[in-house]
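Worksheet: the structure to be examined is printed underneath.
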Amino acid sequence: MAERETLKTEPPRLYQVVMLNDDYTPMEFVIMVLQEYFKHDLEAATLIMLKIHHEGRGVCGVFTKDLAATKVELVLAAARRAGHPLQCIMEAA
Ligand code: TYC
């Protein structure tokens with residue numbers, strides 16, 4: 001294979017997991033999710049939660065496609081188990 005072709009492998013595309021605001025999910029639950037599933041410390045988790053609360057959405061983290069999809073599923077499952085309407089989506093970064 002020509003060198004020109006061997007150098008063409010692209011890095012994997014990245015996806016951001018975005019959490020959306022709602023009027024019902026407790027702030028403490030969102031902070032817990034950001035710590036538990038995205039490994040933010042308490043201070044960072046609180047700042048991200050407040051950003052979502054005030055601006056309507058916020059980035060929880062940036063991952064490869066499979067990992068981002070898994071994070072979304074885990075967050076939605078935890079929210080439904082707890083009876084909260086929290087919404088979480090993934091977007092191409
Ligand atoms: N707005 C919610 C409240 O006042 C808190 C909240 C923050 C909910 C972030 C969802 O993604 C969210 N209890």
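Chain labels run A, B, ... following the order of the structure tokens; each chain numbers its residues from 1, and ligands are numbered from 1 in the order shown.
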Practice problem: May I have the residues within 12 Å of Lys39 in chain A as a ChimeraX atom specification, using only C-alpha atoms and disregarding those fewer than 6 positions away in the same chain? | Solution: /A:31-33,45,60-61,71
Deliver the residues from the most recent selection as a file, using N, CA and C atoms, as a short mmCIF file (atom, residue, chain, number, x, y, z; two decimals), in the first residue's frame.
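Contents of selection.cif, as written:
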```
data_model
loop_
_atom_site.label_atom_id
_atom_site.label_comp_id
_atom_site.auth_asym_id
_atom_site.auth_seq_id
_atom_site.Cartn_x
_atom_site.Cartn_y
_atom_site.Cartn_z
N ILE A 31 -26.46 16.16 40.41
CA ILE A 31 -25.08 16.20 40.91
C ILE A 31 -24.56 14.78 41.13
N MET A 32 -25.41 13.90 41.69
CA MET A 32 -25.01 12.51 41.91
C MET A 32 -24.69 11.81 40.59
N VAL A 33 -25.53 12.04 39.57
CA VAL A 33 -25.31 11.42 38.25
C VAL A 33 -23.98 11.90 37.65
N ALA A 45 -19.28 18.95 39.46
CA ALA A 45 -20.65 18.46 39.23
C ALA A 45 -21.67 19.54 39.57
N CYS A 60 -21.80 16.87 29.77
CA CYS A 60 -21.34 16.03 30.88
C CYS A 60 -19.96 15.46 30.61
N GLY A 61 -19.66 15.21 29.31
CA GLY A 61 -18.39 14.63 28.95
C GLY A 61 -18.35 14.35 27.46
N LYS A 71 -23.29 5.69 28.21
CA LYS A 71 -23.52 6.68 29.29
C LYS A 71 -24.96 7.18 29.25
#
```
Practice problem: Please identify the residues whose atoms come within 7 Å of ligand 1, using only C-alpha atoms and all ligand atoms, and report them as a list in words. | Solution: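 These are the residues that qualify: Met19, Leu20, Asn21, Asp22, Asp23, Tyr24, Thr25, Pro26, Met27, Val30, Met49, Leu50, Ile52, His53, Arg57, Leu86 and Gln87 of chain A.
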Using N, CA and C atoms, can you write the selected residues to a file as a PDB file, in the first residue's frame?
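Okay, out38.pdb is ready:
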```
ATOM      1  N   MET A  19     -26.790  16.893  28.943  1.00  0.00           N
ATOM      2  CA  MET A  19     -27.950  16.723  29.820  1.00  0.00           C
ATOM      3  C   MET A  19     -28.834  17.967  29.691  1.00  0.00           C
ATOM      4  N   LEU A  20     -30.145  17.734  29.718  1.00  0.00           N
ATOM      5  CA  LEU A  20     -31.121  18.810  29.511  1.00  0.00           C
ATOM      6  C   LEU A  20     -31.797  19.171  30.827  1.00  0.00           C
ATOM      7  N   ASN A  21     -32.172  20.437  30.949  1.00  0.00           N
ATOM      8  CA  ASN A  21     -32.873  20.879  32.157  1.00  0.00           C
ATOM      9  C   ASN A  21     -34.328  20.424  32.129  1.00  0.00           C
ATOM     10  N   ASP A  22     -34.902  20.252  33.306  1.00  0.00           N
ATOM     11  CA  ASP A  22     -36.345  20.088  33.455  1.00  0.00           C
ATOM     12  C   ASP A  22     -36.714  20.680  34.805  1.00  0.00           C
ATOM     13  N   ASP A  23     -38.012  20.772  35.079  1.00  0.00           N
ATOM     14  CA  ASP A  23     -38.467  21.451  36.302  1.00  0.00           C
ATOM     15  C   ASP A  23     -38.600  20.511  37.498  1.00  0.00           C
ATOM     16  N   TYR A  24     -38.374  19.219  37.325  1.00  0.00           N
ATOM     17  CA  TYR A  24     -38.736  18.247  38.369  1.00  0.00           C
ATOM     18  C   TYR A  24     -37.580  17.445  38.957  1.00  0.00           C
ATOM     19  N   THR A  25     -36.563  17.148  38.153  1.00  0.00           N
ATOM     20  CA  THR A  25     -35.448  16.352  38.679  1.00  0.00           C
ATOM     21  C   THR A  25     -34.715  17.144  39.759  1.00  0.00           C
ATOM     22  N   PRO A  26     -34.533  16.561  40.949  1.00  0.00           N
ATOM     23  CA  PRO A  26     -33.834  17.293  42.022  1.00  0.00           C
ATOM     24  C   PRO A  26     -32.385  17.607  41.644  1.00  0.00           C
ATOM     25  N   MET A  27     -31.929  18.786  42.061  1.00  0.00           N
ATOM     26  CA  MET A  27     -30.541  19.184  41.797  1.00  0.00           C
ATOM     27  C   MET A  27     -29.559  18.147  42.359  1.00  0.00           C
ATOM     28  N   VAL A  30     -29.050  15.217  39.987  1.00  0.00           N
ATOM     29  CA  VAL A  30     -28.211  15.557  38.830  1.00  0.00           C
ATOM     30  C   VAL A  30     -26.740  15.581  39.251  1.00  0.00           C
ATOM     31  N   MET A  49     -24.245  21.212  36.894  1.00  0.00           N
ATOM     32  CA  MET A  49     -25.689  21.166  37.172  1.00  0.00           C
ATOM     33  C   MET A  49     -26.296  22.568  37.118  1.00  0.00           C
ATOM     34  N   LEU A  50     -25.603  23.539  37.725  1.00  0.00           N
ATOM     35  CA  LEU A  50     -26.127  24.913  37.744  1.00  0.00           C
ATOM     36  C   LEU A  50     -26.153  25.514  36.337  1.00  0.00           C
ATOM     37  N   ILE A  52     -26.630  23.811  33.568  1.00  0.00           N
ATOM     38  CA  ILE A  52     -27.803  23.206  32.909  1.00  0.00           C
ATOM     39  C   ILE A  52     -29.082  23.888  33.401  1.00  0.00           C
ATOM     40  N   HIS A  53     -29.155  24.066  34.714  1.00  0.00           N
ATOM     41  CA  HIS A  53     -30.344  24.673  35.330  1.00  0.00           C
ATOM     42  C   HIS A  53     -30.593  26.072  34.755  1.00  0.00           C
ATOM     43  N   ARG A  57     -29.096  23.392  29.092  1.00  0.00           N
ATOM     44  CA  ARG A  57     -28.358  22.192  28.705  1.00  0.00           C
ATOM     45  C   ARG A  57     -26.893  22.346  29.100  1.00  0.00           C
ATOM     46  N   LEU A  86     -35.481  13.291  33.952  1.00  0.00           N
ATOM     47  CA  LEU A  86     -34.188  13.766  33.410  1.00  0.00           C
ATOM     48  C   LEU A  86     -33.949  13.245  31.994  1.00  0.00           C
ATOM     49  N   GLN A  87     -33.512  14.127  31.099  1.00  0.00           N
ATOM     50  CA  GLN A  87     -33.219  13.764  29.719  1.00  0.00           C
ATOM     51  C   GLN A  87     -31.740  13.987  29.403  1.00  0.00           C
TER      52      GLN A  87
END
```
Quiz item: So, counting only C-alpha atoms, which residue among A:Val17, A:Ile89, A:Leu42, A:Leu7 is closest to Thr64 in chain A?
Solution: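 Nearest to Thr64 in chain A: A:Val17.
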Self-check item: DSSP alpha helix (DSSP H) selection over range 23-75 of chain A, as a ChimeraX atom specification
Solution: /A:27-36,42-55,65-75
Quiz item: What separation in Å, quoted to one decimal, exists between CA of Leu74 in chain A and CA of Leu34 in chain A?
Solution: 11.6 Å
From the DSSP assignment of the backbone, select every residue of chain A that is strand (DSSP E or B), and format the answer as a compact mmCIF listing (two decimals) with N, CA and C atoms, in the first residue's frame.
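For reference, out36.txt as written:
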```
# COMPACT_ATOMS: atom_id res chain seq x y z
N LEU A 14 -15.82 11.89 17.96
CA LEU A 14 -16.18 12.03 19.37
C LEU A 14 -17.60 12.59 19.50
N TYR A 15 -18.23 12.20 20.58
CA TYR A 15 -19.61 12.60 20.85
C TYR A 15 -19.71 13.18 22.24
N GLN A 16 -20.43 14.29 22.38
CA GLN A 16 -20.64 14.84 23.72
C GLN A 16 -21.98 14.35 24.25
N VAL A 17 -21.94 13.98 25.53
CA VAL A 17 -23.19 13.62 26.21
C VAL A 17 -23.71 14.91 26.85
N VAL A 18 -24.93 15.28 26.49
CA VAL A 18 -25.53 16.54 26.92
C VAL A 18 -26.74 16.25 27.79
N MET A 19 -26.79 16.89 28.94
CA MET A 19 -27.95 16.72 29.82
C MET A 19 -28.83 17.97 29.69
N LEU A 20 -30.15 17.73 29.72
CA LEU A 20 -31.12 18.81 29.51
C LEU A 20 -31.80 19.17 30.83
N ARG A 57 -29.10 23.39 29.09
CA ARG A 57 -28.36 22.19 28.71
C ARG A 57 -26.89 22.35 29.10
N GLY A 58 -26.20 21.22 29.19
CA GLY A 58 -24.78 21.27 29.53
C GLY A 58 -24.10 19.97 29.16
N VAL A 59 -22.81 20.07 28.86
CA VAL A 59 -22.02 18.90 28.45
C VAL A 59 -21.50 18.17 29.69
N CYS A 60 -21.80 16.87 29.77
CA CYS A 60 -21.34 16.03 30.88
C CYS A 60 -19.96 15.46 30.61
N GLY A 61 -19.66 15.21 29.31
CA GLY A 61 -18.39 14.63 28.95
C GLY A 61 -18.35 14.35 27.46
N VAL A 62 -17.16 14.02 26.95
CA VAL A 62 -16.96 13.75 25.52
C VAL A 62 -16.33 12.37 25.39
N PHE A 63 -16.92 11.51 24.52
CA PHE A 63 -16.54 10.10 24.46
C PHE A 63 -16.59 9.60 23.02
N THR A 64 -16.04 8.39 22.83
CA THR A 64 -16.27 7.71 21.55
C THR A 64 -17.75 7.34 21.47
N GLN A 87 -33.51 14.13 31.10
CA GLN A 87 -33.22 13.76 29.72
C GLN A 87 -31.74 13.99 29.40
N CYS A 88 -31.21 13.07 28.62
CA CYS A 88 -29.80 13.07 28.31
C CYS A 88 -29.66 12.61 26.86
N ILE A 89 -28.84 13.32 26.06
CA ILE A 89 -28.69 12.99 24.64
C ILE A 89 -27.21 12.98 24.27
N MET A 90 -26.90 12.42 23.10
CA MET A 90 -25.52 12.52 22.58
C MET A 90 -25.53 13.28 21.27
N GLU A 91 -24.45 14.04 21.05
CA GLU A 91 -24.32 14.85 19.83
C GLU A 91 -22.90 14.72 19.31
N ALA A 92 -22.74 14.71 18.00
CA ALA A 92 -21.40 14.72 17.42
C ALA A 92 -20.67 15.97 17.93
```
Exercise. Kindly indicate which residue among A:Thr46, A:His84, A:Ala93, A:Val75 lies nearest to Glu28 in chain A, using only C-alpha atoms for the distances.
Key: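 Using only C-alpha atoms, Glu28 in chain A sits closest to A:Thr46.
Atom pair CA of Lys65 in chain A / CA of Gln35 in chain A has a distance of 20.7 Å (rounded to one decimal).
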Practice problem: For CA of His54 in chain A and CA of Phe29 in chain A, quote the distance in Å rounded to one decimal. | Solution: 16.4 Å
